[in-house]
Each structure stands twice: as structure tokens, then as C-alpha cells.
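Dumped structure-v8.cif below, it's mmCIF, C-alpha atoms:
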```cif
data_structure
#
loop_
_atom_site.group_PDB
_atom_site.id
_atom_site.type_symbol
_atom_site.label_atom_id
_atom_site.label_comp_id
_atom_site.auth_asym_id
_atom_site.auth_seq_id
_atom_site.Cartn_x
_atom_site.Cartn_y
_atom_site.Cartn_z
ATOM 1 C CA MET L 1 0.000 0.000 0.000
ATOM 2 C CA LYS L 2 1.401 3.399 -1.048
ATOM 3 C CA PRO L 3 1.241 6.237 1.450
ATOM 4 C CA SER L 4 -0.800 9.205 0.301
ATOM 5 C CA ILE L 5 -0.697 12.832 1.289
ATOM 6 C CA THR L 6 -3.854 14.828 1.627
ATOM 7 C CA VAL L 7 -3.644 18.610 1.493
ATOM 8 C CA ALA L 8 -6.567 20.639 2.726
ATOM 9 C CA VAL L 9 -6.671 24.301 1.788
ATOM 10 C CA SER L 10 -9.288 26.434 3.418
ATOM 11 C CA ARG L 11 -10.985 29.196 1.455
ATOM 12 C CA VAL L 12 -9.106 31.813 3.503
ATOM 13 C CA HIS L 13 -5.719 30.243 2.749
ATOM 14 C CA LEU L 14 -6.609 29.934 -0.926
ATOM 15 C CA VAL L 15 -7.430 33.652 -1.061
ATOM 16 C CA ARG L 16 -4.121 34.428 0.714
ATOM 17 C CA LEU L 17 -2.262 32.299 -1.855
ATOM 18 C CA VAL L 18 -3.947 34.108 -4.739
ATOM 19 C CA VAL L 19 -3.118 37.514 -3.249
ATOM 20 C CA ILE L 20 0.480 36.459 -2.612
ATOM 21 C CA SER L 21 0.885 35.250 -6.181
ATOM 22 C CA LEU L 22 -0.561 38.525 -7.513
ATOM 23 C CA SER L 23 1.829 40.518 -5.330
ATOM 24 C CA VAL L 24 4.850 38.510 -6.419
ATOM 25 C CA ARG L 25 4.028 39.000 -10.102
ATOM 26 C CA SER L 26 4.217 42.776 -9.693
ATOM 27 C CA LEU L 27 7.673 42.792 -8.059
ATOM 28 C CA PRO L 28 10.700 43.488 -10.224
ATOM 29 C CA VAL L 29 13.019 40.540 -10.625
ATOM 30 C CA SER L 30 16.612 41.411 -11.476
ATOM 31 C CA GLY L 31 17.862 37.842 -11.584
ATOM 32 C CA PRO L 32 16.859 34.271 -10.764
ATOM 33 C CA ASP L 33 18.409 34.560 -7.298
ATOM 34 C CA ARG L 34 16.420 37.660 -6.329
ATOM 35 C CA LEU L 35 12.662 37.278 -6.141
ATOM 36 C CA PHE L 36 11.874 40.092 -3.734
ATOM 37 C CA ASP L 37 12.996 43.686 -3.527
ATOM 38 C CA PRO L 38 15.250 43.727 -0.434
ATOM 39 C CA ALA L 39 14.324 47.370 0.144
ATOM 40 C CA GLY L 40 10.660 46.403 0.314
ATOM 41 C CA GLY L 41 10.564 46.479 4.095
ATOM 42 C CA ILE L 42 7.802 43.907 4.450
ATOM 43 C CA GLY L 43 8.110 41.564 7.430
ATOM 44 C CA ASP L 44 7.639 37.812 7.652
ATOM 45 C CA ASP L 45 3.971 37.980 6.667
ATOM 46 C CA PRO L 46 3.843 38.602 2.903
ATOM 47 C CA LEU L 47 0.396 40.140 3.315
ATOM 48 C CA ALA L 48 1.416 42.601 6.006
ATOM 49 C CA GLY L 49 1.539 46.231 4.951
ATOM 50 C CA ARG L 50 4.486 48.361 5.964
ATOM 51 C CA ASP L 51 2.338 49.955 8.658
ATOM 52 C CA GLY L 52 1.977 46.539 10.372
ATOM 53 C CA SER L 53 -1.603 45.951 9.219
ATOM 54 C CA THR L 54 -2.565 42.624 7.710
ATOM 55 C CA ALA L 55 -4.337 44.149 4.723
ATOM 56 C CA PRO L 56 -2.428 43.568 1.477
ATOM 57 C CA GLU L 57 -0.499 46.561 0.206
ATOM 58 C CA ALA L 58 -1.800 47.806 -3.149
ATOM 59 C CA VAL L 59 0.956 48.572 -5.645
ATOM 60 C CA VAL L 60 0.221 51.570 -7.849
ATOM 61 C CA TYR L 61 2.473 52.978 -10.572
ATOM 62 C CA THR L 62 2.208 56.731 -11.175
ATOM 63 C CA ASP L 63 3.572 59.081 -13.806
ATOM 64 C CA GLY L 64 3.243 62.595 -15.130
ATOM 65 C CA ALA L 65 3.936 63.965 -18.592
ATOM 66 C CA CYS L 66 4.115 67.405 -20.134
ATOM 67 C CA SER L 67 4.479 68.617 -23.723
ATOM 68 C CA GLY L 68 6.683 71.620 -23.155
ATOM 69 C CA ASN L 69 7.474 72.658 -19.622
ATOM 70 C CA PRO L 70 5.177 74.445 -19.033
ATOM 71 C CA GLY L 71 2.624 73.209 -21.514
ATOM 72 C CA PRO L 72 -0.300 70.794 -21.779
ATOM 73 C CA GLY L 73 0.207 67.842 -19.463
ATOM 74 C CA GLY L 74 -1.257 64.640 -18.129
ATOM 75 C CA TRP L 75 -0.988 62.393 -15.097
ATOM 76 C CA ALA L 76 -1.868 58.738 -14.531
ATOM 77 C CA TRP L 77 -1.872 55.896 -12.027
ATOM 78 C CA VAL L 78 -2.236 52.214 -12.809
ATOM 79 C CA VAL L 79 -2.477 49.035 -10.726
ATOM 80 C CA PRO L 80 -0.735 46.090 -12.413
ATOM 81 C CA ASP L 81 -3.437 44.075 -14.205
ATOM 82 C CA GLY L 82 -6.035 46.278 -12.501
ATOM 83 C CA PRO L 83 -7.731 49.662 -12.576
ATOM 84 C CA TYR L 84 -6.233 52.910 -13.856
ATOM 85 C CA ALA L 85 -7.055 56.597 -14.036
ATOM 86 C CA ALA L 86 -5.582 59.578 -15.849
ATOM 87 C CA GLY L 87 -6.288 63.275 -16.165
ATOM 88 C CA SER L 88 -4.928 66.426 -17.729
ATOM 89 C CA GLU L 89 -4.341 70.159 -17.406
ATOM 90 C CA PRO L 90 -3.994 72.596 -20.321
ATOM 91 C CA GLN L 91 -1.056 74.567 -18.857
ATOM 92 C CA THR L 92 1.172 72.853 -16.316
ATOM 93 C CA THR L 93 4.627 71.415 -15.618
ATOM 94 C CA ASN L 94 6.004 67.898 -15.479
ATOM 95 C CA GLN L 95 6.585 68.146 -11.710
ATOM 96 C CA ARG L 96 2.979 69.199 -11.115
ATOM 97 C CA MET L 97 1.751 66.225 -13.139
ATOM 98 C CA GLU L 98 3.998 63.829 -11.179
ATOM 99 C CA LEU L 99 2.548 65.226 -7.946
ATOM 100 C CA MET L 100 -1.009 65.071 -9.258
ATOM 101 C CA ALA L 101 -0.552 61.400 -10.197
ATOM 102 C CA ALA L 102 0.627 60.519 -6.682
ATOM 103 C CA LEU L 103 -2.129 62.588 -5.039
ATOM 104 C CA ALA L 104 -4.823 60.992 -7.229
ATOM 105 C CA ALA L 105 -3.510 57.508 -6.339
ATOM 106 C CA VAL L 106 -3.505 58.271 -2.604
ATOM 107 C CA ARG L 107 -7.081 59.549 -2.863
ATOM 108 C CA ALA L 108 -8.216 56.502 -4.871
ATOM 109 C CA PHE L 109 -7.087 53.836 -2.370
ATOM 110 C CA SER L 110 -7.793 53.625 1.346
ATOM 111 C CA GLY L 111 -5.702 50.606 2.388
ATOM 112 C CA PRO L 112 -1.931 50.163 2.590
ATOM 113 C CA LEU L 113 -0.398 51.597 -0.564
ATOM 114 C CA LEU L 114 2.960 51.436 -2.335
ATOM 115 C CA ILE L 115 3.391 54.141 -4.958
ATOM 116 C CA VAL L 116 6.027 53.295 -7.550
ATOM 117 C CA SER L 117 7.201 56.409 -9.396
ATOM 118 C CA ASP L 118 10.041 57.442 -11.694
ATOM 119 C CA SER L 119 9.914 60.922 -10.143
ATOM 120 C CA THR L 120 12.766 61.551 -7.716
ATOM 121 C CA TYR L 121 10.937 64.806 -6.934
ATOM 122 C CA VAL L 122 8.064 62.810 -5.407
ATOM 123 C CA VAL L 123 9.940 59.796 -4.021
ATOM 124 C CA HIS L 124 12.825 61.715 -2.414
ATOM 125 C CA CYS L 125 10.431 64.061 -0.632
ATOM 126 C CA PHE L 126 9.144 61.141 1.425
ATOM 127 C CA ARG L 127 12.345 59.076 1.464
ATOM 128 C CA ASP L 128 14.508 61.977 2.656
ATOM 129 C CA GLY L 129 11.898 63.762 4.782
ATOM 130 C CA TRP L 130 11.811 67.049 2.831
ATOM 131 C CA TRP L 131 8.218 67.509 3.914
ATOM 132 C CA GLU L 132 9.168 67.420 7.606
ATOM 133 C CA LYS L 133 11.581 70.328 7.088
ATOM 134 C CA TRP L 134 8.964 72.224 5.080
ATOM 135 C CA LEU L 135 6.450 71.879 7.897
ATOM 136 C CA ARG L 136 8.986 72.962 10.535
ATOM 137 C CA LYS L 137 10.010 75.996 8.463
ATOM 138 C CA GLY L 138 6.470 77.023 7.447
ATOM 139 C CA TRP L 139 6.605 75.695 3.877
ATOM 140 C CA VAL L 140 9.937 77.305 3.061
ATOM 141 C CA ASN L 141 12.700 75.299 1.358
ATOM 142 C CA ALA L 142 16.439 75.108 2.110
ATOM 143 C CA LYS L 143 17.004 78.292 0.071
ATOM 144 C CA ARG L 144 14.444 80.065 2.298
ATOM 145 C CA GLU L 145 12.072 80.356 -0.648
ATOM 146 C CA PRO L 146 8.416 79.260 -0.697
ATOM 147 C CA VAL L 147 8.071 75.568 -1.580
ATOM 148 C CA ALA L 148 7.091 75.244 -5.245
ATOM 149 C CA ASN L 149 3.789 73.500 -5.953
ATOM 150 C CA ARG L 150 2.659 73.825 -2.350
ATOM 151 C CA ASP L 151 -0.983 73.617 -3.472
ATOM 152 C CA LEU L 152 -0.320 69.968 -4.448
ATOM 153 C CA TRP L 153 2.359 69.089 -1.899
ATOM 154 C CA GLU L 154 0.275 70.146 1.071
ATOM 155 C CA PRO L 155 -2.711 67.825 0.480
ATOM 156 C CA LEU L 156 -0.371 64.976 -0.542
ATOM 157 C CA VAL L 157 1.785 65.322 2.586
ATOM 158 C CA GLU L 158 -1.312 65.692 4.775
ATOM 159 C CA ALA L 159 -2.914 62.542 3.321
ATOM 160 C CA VAL L 160 0.283 60.484 3.636
ATOM 161 C CA ARG L 161 0.841 61.630 7.243
ATOM 162 C CA GLU L 162 -2.791 61.083 8.214
ATOM 163 C CA ARG L 163 -2.941 57.574 6.798
ATOM 164 C CA GLY L 164 0.468 56.298 7.840
ATOM 165 C CA ASN L 165 0.205 53.438 5.341
ATOM 166 C CA VAL L 166 1.548 54.985 2.133
ATOM 167 C CA ASN L 167 5.067 54.180 0.945
ATOM 168 C CA PHE L 168 7.058 55.225 -2.095
ATOM 169 C CA ARG L 169 9.557 53.399 -4.299
ATOM 170 C CA TRP L 170 11.545 54.803 -7.190
ATOM 171 C CA VAL L 171 11.763 53.050 -10.551
ATOM 172 C CA LYS L 172 13.934 54.214 -13.428
ATOM 173 C CA GLY L 173 11.759 55.737 -16.137
ATOM 174 C CA HIS L 174 11.810 54.468 -19.712
ATOM 175 C CA SER L 175 13.791 51.418 -18.652
ATOM 176 C CA GLY L 176 11.398 48.716 -19.837
ATOM 177 C CA ASP L 177 9.377 48.411 -16.619
ATOM 178 C CA ARG L 178 5.994 47.331 -17.989
ATOM 179 C CA TRP L 179 3.824 49.216 -15.505
ATOM 180 C CA ASN L 180 5.923 52.373 -15.407
ATOM 181 C CA ASP L 181 5.683 52.401 -19.207
ATOM 182 C CA GLU L 182 1.903 51.928 -18.995
ATOM 183 C CA ALA L 183 1.531 54.816 -16.527
ATOM 184 C CA ASP L 184 3.642 56.952 -18.870
ATOM 185 C CA ARG L 185 1.540 55.958 -21.880
ATOM 186 C CA LEU L 186 -1.687 56.877 -20.077
ATOM 187 C CA ALA L 187 -0.269 60.207 -18.854
ATOM 188 C CA VAL L 188 0.940 61.119 -22.351
ATOM 189 C CA GLU L 189 -2.415 60.154 -23.895
ATOM 190 C CA ALA L 190 -4.398 62.150 -21.320
ATOM 191 C CA GLY L 191 -2.120 65.163 -21.789
ATOM 192 C CA THR L 192 -2.094 65.010 -25.587
ATOM 193 C CA ARG L 193 -5.861 64.546 -25.898
ATOM 194 C CA GLN L 194 -6.680 66.656 -22.790
ATOM 195 C CA VAL L 195 -9.094 64.026 -21.498
ATOM 196 C CA ASP L 196 -9.786 61.992 -18.366
ATOM 197 C CA LEU L 197 -9.315 58.235 -18.689
ATOM 198 C CA SER L 198 -10.279 55.381 -16.391
ATOM 199 C CA GLY L 199 -10.826 51.674 -16.488
#
```
Show this structure as C-alpha cells.
Amino acid sequence: MKPSITVAVSRVHLVRLVVISLSVRSLPVSGPDRLFDPAGGIGDDPLAGRDGSTAPEAVVYTDGACSGNPGPGGWAWVVPDGPYAAGSEPQTTNQRMELMAALAAVRAFSGPLLIVSDSTYVVHCFRDGWWEKWLRKGWVNAKREPVANRDLWEPLVEAVRERGNVNFRWVKGHSGDRWNDEADRLAVEAGTRQVDLSG
């Protein structure tokens, strides 16, 4: 008689496996020996958000585009294999569109969120704590000048601080990252056509 192994998977564990497999598909893989981003900061539980919650962290790619700087521009966010949104402004700058993309993504999702952006302007603000200095100095930068784009920075910083479950990761733009390229495509289309897009 051959021994047999029976595996029982509860509905909850099956859902966790599906979510884990979806999360793993969206992570960049630089080689066969590296499946996870070591800078990811996620603990032992692959479903734990960086804020310690057990809700899965949504990964959202954002981008901004501008034809001329200033000029007509567009912004977009996209979830890998999921929803997306994009918008436009007739006279703007690339930095404003990068900020608008991040702000729109933060407003669109309530749970733990990882924003992946090719904008060092956005990512470094949170990585390096620029916003903390701005708040301490009354929205004045290191040159003692008013912070540019404060009308977008202020609600973004406020939302990120209030929630405590939003993280940022930089990705090199135009480097073949599928979802960064898709966010760029949507932002360019919205800016060129001056339309809102969603799906």
C-alpha cells in the first residue's frame, strides 16, 4: 500500500495564496536569485503592509507627462493588471503632473499603498523627509524660498501623514518596466488629448 498525502486548503488560505501570487508578479526581478525587492521592508507575513496591518499593500504605478514645460500635461496611475485613471491640465509642468498622479492615487485607495514612481521629486520628498523640514520651516525650502507647488504638496503630505500606510519606491523611467511604461503611456495620452481616462 502506497502512502498518500492529503492537502486541505481552506478558502481563507486559498485567497491568501492568490493575493500572494498577484503581489509577487508585480515585483521586479533582477535575476533568478532575487525574487523580492530587499528594500521592500515587508516583514515575515507577505500580506502585512508596511504599517503593520494585515491588509495587502496595493501597488500603484504613477507618472506625469508634459508637452513643453510648461505646456499641456497629463498624469496617470495604474495598478498592475487592474484599474487605472488619468487626467490632464492645459497649462502645467512635469513636476505638477507627477505630484497630481501621486495625489490621485492616494485619494483613490484607502488601504496600505505602495506608490512606484520614476519621479525623484516625489519619491525623495518622502524618502529623505523634505516635507518634515517644510512643515517645521512654514513651507519654506532650504534656500528660504516658498516651496514650489505647495498647493499639491500640502494635500499629498497631509494625506500620507494622516494615513500612515503609504510608501514610495523609485523606478527608473523608460527602462522597460511594464507598468511604469503603462503609466507613462496613459499620462501622455491624457495630456495630448486633454481628457480623463479610467478603467
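In this comparison, which uses all atoms listed in the file, the residue of L:Ala101, L:Ala76, L:Cys66, L:Ala55 approaching Val122 (chain L) most closely is L:Ala101.
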Notebook entry, point to check: Do you have the CA of Gly176 (chain L)-CA of Arg127 (chain L) distance handy?
Noted result: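 Result for CA of Gly176 (chain L) versus CA of Arg127 (chain L): 23.7 Å, one decimal.
With the shown file loaded, the PyMOL selection byres ((chain L and resi 132) around 12) picks out Cys125, Phe126, Arg127, Asp128, Gly129, Trp130, Trp131, Lys133, Trp134, Leu135, Arg136, Lys137, Gly138, Trp139, Val140, Asn141, Ala142, Trp153, Glu154, Val157, Glu158, Val160 and Arg161 of chain L.
Considering the residues L:Asp81, L:Leu113, L:Gly74, L:Val106 and counting only C-alpha atoms, Asn167 (chain L) has its shortest atom-to-atom contact with L:Leu113.
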Next item on the list: Kindly give the distance, in Å, that separates CA of Trp75 (chain L) and CA of Phe109 (chain L), rounded to a single decimal.
Entry: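 Here the two named atoms are 16.5 Å from each other.
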Margin query: Running the PyMOL selection byres ((chain L and resi 116) around 6) on this model by hand, what would come out? Give it as a list of chain:residue names.
Written below: L:Tyr61, L:Ile115, L:Ser117, L:Phe168, L:Arg169, L:Trp170
Please return the centre and edge lengths, in Å to one decimal, of a box with edges along x, y and z that contains all listed atoms of region 66-79 of chain L, widened by 6 Å on every side, as AutoDock Vina command-line options.
```
--center_x 2.5 --center_y 61.7 --center_z -17.2 --size_x 22.0 --size_y 37.4 --size_z 25.0
```
Note to self: Under the rule that all atoms listed in the file are counted, which of L:Leu186, L:Ala102, L:Leu197, L:Ala85 is the nearest residue to Thr62 (chain L)?
What the structure shows: L:Ala102
